[in-house]
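S.K.: One structure, pasted below without further comment.
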Amino acid sequence: MADLGKKYCVYCLADVTSLRLRCTECQDIELCPECFSAGAEIGNHRRWHGYQLVDGGRFTLWGPEAEGGWTSREEQLLLDAIEQFGFGNWEDMAAHMGASRTPQEVMEHYVSMYIHGNLGKACVPGNIPNRVTDHTCPSGGPLSPSLTTPLPPLDITVAEQQQLGYMPLRDDYELEYDQDAETLISGLSVNYDDDDVEIELKRAHVDMYVRKLKERQRRKNIARDYNLVPAFLGKDKKDKEKTPKRKISKEEKELRLKLRPLYQFMSCKEFEDFFESMHKERVLRTKIRELQRYRRNGITKMEESAEYEAARHKREKRKENKNMVGAKRGKEDGKDGEFAAIENLPGFELLSDREKVLCSSLNLSPARYLTVKSIIIKDHLQKRQGIPSKSRLPGYLDKVLKKRILTFLTESGWISRDIS
């Protein structure tokens, strides 16, 4: 009765309960793996018929001498797990297989059988042949392979990483350059019935995607080289305070702005060396002009130049003092001549300097200006107290003069703007 559930090979009568191959064309034909591999034929059964693998899941792939007694079903679950979770995620792989295996057992079995075992030695050679090397341009060029080499992560805090959307372990940002570049290859698939045109089209899509990745990495390298991230976070100001540099002139700042598109073709050090060389050239040209000026004045030794500079400085100072005295004297004379038309009229001494200028420009006598001023101020005070008042300005005051005087009094603070 115990043998009723067992299956036997129809050719050699071996027990095939755990694993057998069933013919899909002949009825009740089941062979053991040894007879199947030998191409056994019996009755109407032929070796080229279709077969179906019937697996009970209880046989071992590595033989009874293998450690742990892993069954074929567990091996299948292990290979599915390594494909789904990747090498190294032993905890997730053990959970995928169930409670029968621990993460340590999963790791030891995979490493011993699939990497260091015969299967690993046959599939993973020590020296990989036909390795392709890119010889298109030297390292560091616009299209060199070094562009795809990951850079070390930025030295920034967690809060700054969240502000930038930066992922340090991947050296990526949440929003990358050309964010939709992956759509070029996300829908690609290789089919056996593709013709040559479809294959070339898919290769073109992959090539475009690789170019976008290289451009994305190139921009990251430029931002890293020129310290654009610390500049965005405000850290470059502190670094500049710690390391004082020479003062940059206004002309050099304008030139840097004009040459900013060249940043992508030069490293930061090359760019700084370029402007440093230009600065040294300007200093040398200035020194050469100074030496030529010494030679024109008969100076042939550097010891004589100090005495010459001291004498030149004294001459320039005396000339400057003379110019200042002449300008002051001319200014005083100009003031006296400016008020010559009204300085002898009554009320002149009661005017301020600004009022003198106003009366002189309006050709208005000081007495008449003072009368108009007092009337306007009195009317303004009555209006502020709520007392109705009627304008009593003299008839010699036309609209232009009235407007000029009102504007002057408002700017001087004598009256508020509502009177005008």
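Ligands are numbered from 1 in the order shown, residues from 1 within each chain, and chains are lettered A, B, ... in the order they appear in the structure tokens.
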Give me the residues near Leu175 of chain A as a list in words, where near means some atom within 10 Å (using only C-alpha atoms) and where sequence neighbours in that chain fewer than 3 positions away do not count.
M.R.: Leu164, Gly165, Tyr166, Asp172, Asp178, Gln179 and Asp180 of chain A
S.K.: Would you save the residues from that selection as a PDB file, in the first residue's frame, using N, CA and C atoms?
M.R.:
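Here's the written file result17.pdb:
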```pdb
ATOM      1  N   LEU A 164      18.190  71.321  -0.756  1.00  0.00           N
ATOM      2  CA  LEU A 164      18.596  71.120  -2.148  1.00  0.00           C
ATOM      3  C   LEU A 164      17.917  69.918  -2.797  1.00  0.00           C
ATOM      4  N   GLY A 165      17.282  69.061  -1.987  1.00  0.00           N
ATOM      5  CA  GLY A 165      16.762  67.815  -2.536  1.00  0.00           C
ATOM      6  C   GLY A 165      17.889  66.892  -2.957  1.00  0.00           C
ATOM      7  N   TYR A 166      18.963  66.858  -2.150  1.00  0.00           N
ATOM      8  CA  TYR A 166      20.181  66.132  -2.504  1.00  0.00           C
ATOM      9  C   TYR A 166      20.207  64.781  -1.807  1.00  0.00           C
ATOM     10  N   ASP A 172      22.809  62.360  -6.279  1.00  0.00           N
ATOM     11  CA  ASP A 172      21.752  62.787  -7.194  1.00  0.00           C
ATOM     12  C   ASP A 172      20.874  63.810  -6.494  1.00  0.00           C
ATOM     13  N   ASP A 178      17.358  67.995 -17.179  1.00  0.00           N
ATOM     14  CA  ASP A 178      16.588  67.203 -18.155  1.00  0.00           C
ATOM     15  C   ASP A 178      15.915  66.037 -17.438  1.00  0.00           C
ATOM     16  N   GLN A 179      14.987  66.390 -16.550  1.00  0.00           N
ATOM     17  CA  GLN A 179      14.361  65.421 -15.664  1.00  0.00           C
ATOM     18  C   GLN A 179      13.650  64.291 -16.419  1.00  0.00           C
ATOM     19  N   ASP A 180      13.167  64.557 -17.612  1.00  0.00           N
ATOM     20  CA  ASP A 180      12.406  63.558 -18.374  1.00  0.00           C
ATOM     21  C   ASP A 180      13.278  62.753 -19.325  1.00  0.00           C
TER      22      ASP A 180
END
```
S.K.: Just asking: which residues within segment 244-302 of chain A are helix (DSSP H, G or I) according to DSSP, as a ChimeraX atom specification?
M.R.: /A:250-258,260-265,268-296,302
S.K.: List as a PyMOL selection string the protein and nucleic acid residues near Ile248 of chain A, meaning an atom at most 10 Å away when only C-alpha atoms are counted, but skip any in the same chain fewer than 4 places from it.
M.R.: chain A and resi 252-253+275+279
S.K.: Select, from A:Ile299, A:Ile42, A:Leu381, A:Ala310, the residue with the minimum atom-to-atom distance to Cys23 of chain A, counting only C-alpha atoms.
M.R.: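 The closest residue to Cys23 of chain A is A:Ile42.
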S.K.: If you measure from atom CA of Gln76 of chain A to atom CA of Tyr192 of chain A, what distance in Å do you get, rounded to one decimal?
M.R.: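 About the pair atom CA of Gln76 of chain A and atom CA of Tyr192 of chain A: they are 26.4 Å apart.
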S.K.: Mind giving me the straight-line distance from atom CA of Ala95 of chain A to atom CA of Ala81 of chain A in Å, one decimal?
M.R.: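 Taking atom CA of Ala95 of chain A as the start and atom CA of Ala81 of chain A as the end point, the length is 9.2 Å.
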S.K.: Would you work out the distance separating atom CA of Ala38 of chain A from atom CA of Cys123 of chain A, expressed in Å to one decimal?
M.R.: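 Value for the atom CA of Ala38 of chain A-atom CA of Cys123 of chain A distance: 25.5 Å.
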S.K.: What's around Met208 of chain A at 12 Å? Count only C-alpha atoms, leave out sequence neighbours fewer than 2 positions away in its own chain, and write the answer as a PDB file with N, CA and C atoms, in the first residue's frame.
M.R.:
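Once everything was written out, this is result.pdb:
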```
ATOM      1  N   ASP A 178      17.358  67.995 -17.179  1.00  0.00           N
ATOM      2  CA  ASP A 178      16.588  67.203 -18.155  1.00  0.00           C
ATOM      3  C   ASP A 178      15.915  66.037 -17.438  1.00  0.00           C
ATOM      4  N   ALA A 181      14.603  62.718 -19.097  1.00  0.00           N
ATOM      5  CA  ALA A 181      15.492  61.999 -20.021  1.00  0.00           C
ATOM      6  C   ALA A 181      15.211  60.497 -20.018  1.00  0.00           C
ATOM      7  N   GLU A 182      14.779  59.947 -18.876  1.00  0.00           N
ATOM      8  CA  GLU A 182      14.547  58.507 -18.787  1.00  0.00           C
ATOM      9  C   GLU A 182      13.368  58.041 -19.632  1.00  0.00           C
ATOM     10  N   THR A 183      12.512  58.967 -20.044  1.00  0.00           N
ATOM     11  CA  THR A 183      11.378  58.553 -20.881  1.00  0.00           C
ATOM     12  C   THR A 183      11.820  58.039 -22.250  1.00  0.00           C
ATOM     13  N   LEU A 184      13.068  58.359 -22.648  1.00  0.00           N
ATOM     14  CA  LEU A 184      13.570  57.879 -23.942  1.00  0.00           C
ATOM     15  C   LEU A 184      13.712  56.358 -23.961  1.00  0.00           C
ATOM     16  N   ILE A 185      14.033  55.756 -22.815  1.00  0.00           N
ATOM     17  CA  ILE A 185      14.305  54.309 -22.786  1.00  0.00           C
ATOM     18  C   ILE A 185      13.336  53.553 -21.890  1.00  0.00           C
ATOM     19  N   LEU A 201      16.640  52.198 -34.492  1.00  0.00           N
ATOM     20  CA  LEU A 201      15.886  53.250 -33.818  1.00  0.00           C
ATOM     21  C   LEU A 201      16.037  53.144 -32.301  1.00  0.00           C
ATOM     22  N   LYS A 202      15.996  51.928 -31.793  1.00  0.00           N
ATOM     23  CA  LYS A 202      16.165  51.744 -30.343  1.00  0.00           C
ATOM     24  C   LYS A 202      17.587  52.082 -29.917  1.00  0.00           C
ATOM     25  N   ARG A 203      18.547  51.750 -30.757  1.00  0.00           N
ATOM     26  CA  ARG A 203      19.930  52.131 -30.444  1.00  0.00           C
ATOM     27  C   ARG A 203      20.090  53.644 -30.420  1.00  0.00           C
ATOM     28  N   ALA A 204      19.405  54.330 -31.313  1.00  0.00           N
ATOM     29  CA  ALA A 204      19.465  55.795 -31.329  1.00  0.00           C
ATOM     30  C   ALA A 204      18.871  56.379 -30.046  1.00  0.00           C
ATOM     31  N   HIS A 205      17.789  55.776 -29.556  1.00  0.00           N
ATOM     32  CA  HIS A 205      17.192  56.232 -28.295  1.00  0.00           C
ATOM     33  C   HIS A 205      18.177  56.049 -27.139  1.00  0.00           C
ATOM     34  N   VAL A 206      18.833  54.890 -27.122  1.00  0.00           N
ATOM     35  CA  VAL A 206      19.811  54.646 -26.058  1.00  0.00           C
ATOM     36  C   VAL A 206      20.967  55.628 -26.158  1.00  0.00           C
ATOM     37  N   VAL A 210      22.237  58.252 -23.288  1.00  0.00           N
ATOM     38  CA  VAL A 210      23.604  58.293 -22.760  1.00  0.00           C
ATOM     39  C   VAL A 210      24.175  59.699 -22.861  1.00  0.00           C
ATOM     40  N   ARG A 211      23.895  60.385 -23.953  1.00  0.00           N
ATOM     41  CA  ARG A 211      24.374  61.764 -24.101  1.00  0.00           C
ATOM     42  C   ARG A 211      23.764  62.674 -23.043  1.00  0.00           C
ATOM     43  N   LYS A 212      22.509  62.486 -22.742  1.00  0.00           N
ATOM     44  CA  LYS A 212      21.871  63.305 -21.698  1.00  0.00           C
ATOM     45  C   LYS A 212      22.478  63.008 -20.331  1.00  0.00           C
ATOM     46  N   LEU A 213      22.809  61.746 -20.066  1.00  0.00           N
ATOM     47  CA  LEU A 213      23.463  61.408 -18.802  1.00  0.00           C
ATOM     48  C   LEU A 213      24.837  62.062 -18.698  1.00  0.00           C
ATOM     49  N   LYS A 214      25.580  62.062 -19.802  1.00  0.00           N
ATOM     50  CA  LYS A 214      26.898  62.696 -19.789  1.00  0.00           C
ATOM     51  C   LYS A 214      26.779  64.204 -19.570  1.00  0.00           C
ATOM     52  N   GLU A 215      25.788  64.827 -20.192  1.00  0.00           N
ATOM     53  CA  GLU A 215      25.580  66.258 -19.989  1.00  0.00           C
ATOM     54  C   GLU A 215      25.176  66.546 -18.549  1.00  0.00           C
TER      55      GLU A 215
END
```
S.K.: So which residues touch Cys35 of chain A within 9 Å, counting only C-alpha atoms, skipping near sequence neighbours fewer than 6 positions away, as a compact mmCIF listing (two decimals) with all heavy atoms, in the first residue's frame?
M.R.:
```txt
# COMPACT_ATOMS: atom_id res chain seq x y z
N CYS A 9 9.90 5.12 -13.57
CA CYS A 9 10.28 5.36 -14.97
C CYS A 9 9.81 4.17 -15.80
O CYS A 9 10.04 3.00 -15.43
CB CYS A 9 11.80 5.52 -15.06
SG CYS A 9 12.41 5.69 -16.76
N TYR A 11 10.99 3.16 -18.48
CA TYR A 11 12.09 2.55 -19.22
C TYR A 11 13.00 1.73 -18.31
O TYR A 11 13.33 0.57 -18.60
CB TYR A 11 12.90 3.62 -19.94
CG TYR A 11 13.82 3.07 -20.99
CD1 TYR A 11 13.33 2.80 -22.26
CD2 TYR A 11 15.16 2.82 -20.73
CE1 TYR A 11 14.17 2.28 -23.23
CE2 TYR A 11 16.00 2.32 -21.69
CZ TYR A 11 15.50 2.05 -22.95
OH TYR A 11 16.34 1.53 -23.92
N CYS A 12 13.40 2.32 -17.16
CA CYS A 12 14.30 1.62 -16.26
C CYS A 12 13.65 1.28 -14.93
O CYS A 12 14.32 0.69 -14.07
CB CYS A 12 15.57 2.42 -16.01
SG CYS A 12 15.29 3.96 -15.11
N GLU A 41 13.69 5.57 -25.99
CA GLU A 41 12.46 5.47 -26.77
C GLU A 41 11.80 4.12 -26.44
O GLU A 41 12.47 3.09 -26.34
CB GLU A 41 12.75 5.56 -28.27
CG GLU A 41 13.32 6.89 -28.70
CD GLU A 41 13.61 6.95 -30.19
OE1 GLU A 41 13.57 5.86 -30.83
OE2 GLU A 41 13.87 8.04 -30.73
```
S.K.: Gly88 of chain A: which residues within 12 Å, counting only C-alpha atoms, same-chain residues fewer than 3 positions away excluded, as a PyMOL selection string?
M.R.: chain A and resi 81-85+91-94+103-104+106-108+110-111
S.K.: Hey, what's within 12 Å of Asp15 of chain A if we count only C-alpha atoms and toss same-chain stuff fewer than 4 positions away? As JSON, numbers by chain, please?
M.R.: {"A": [3, 5, 6, 7, 8, 9, 10, 11, 19, 20, 30, 31, 32, 33, 34]}
S.K.: For Lys378 of chain A, which residue out of A:Asp207, A:Ala340, A:Leu358, A:Trp414 is the nearest one, using only C-alpha atoms?
M.R.: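 Distance minimum relative to Lys378 of chain A lands on A:Trp414.
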S.K.: Could you pull out all residues of segment 147-259 of chain A with a DSSP call of strand (DSSP E or B) and give them as JSON, numbers by chain?
M.R.: {"A": [166, 167, 172, 173]}
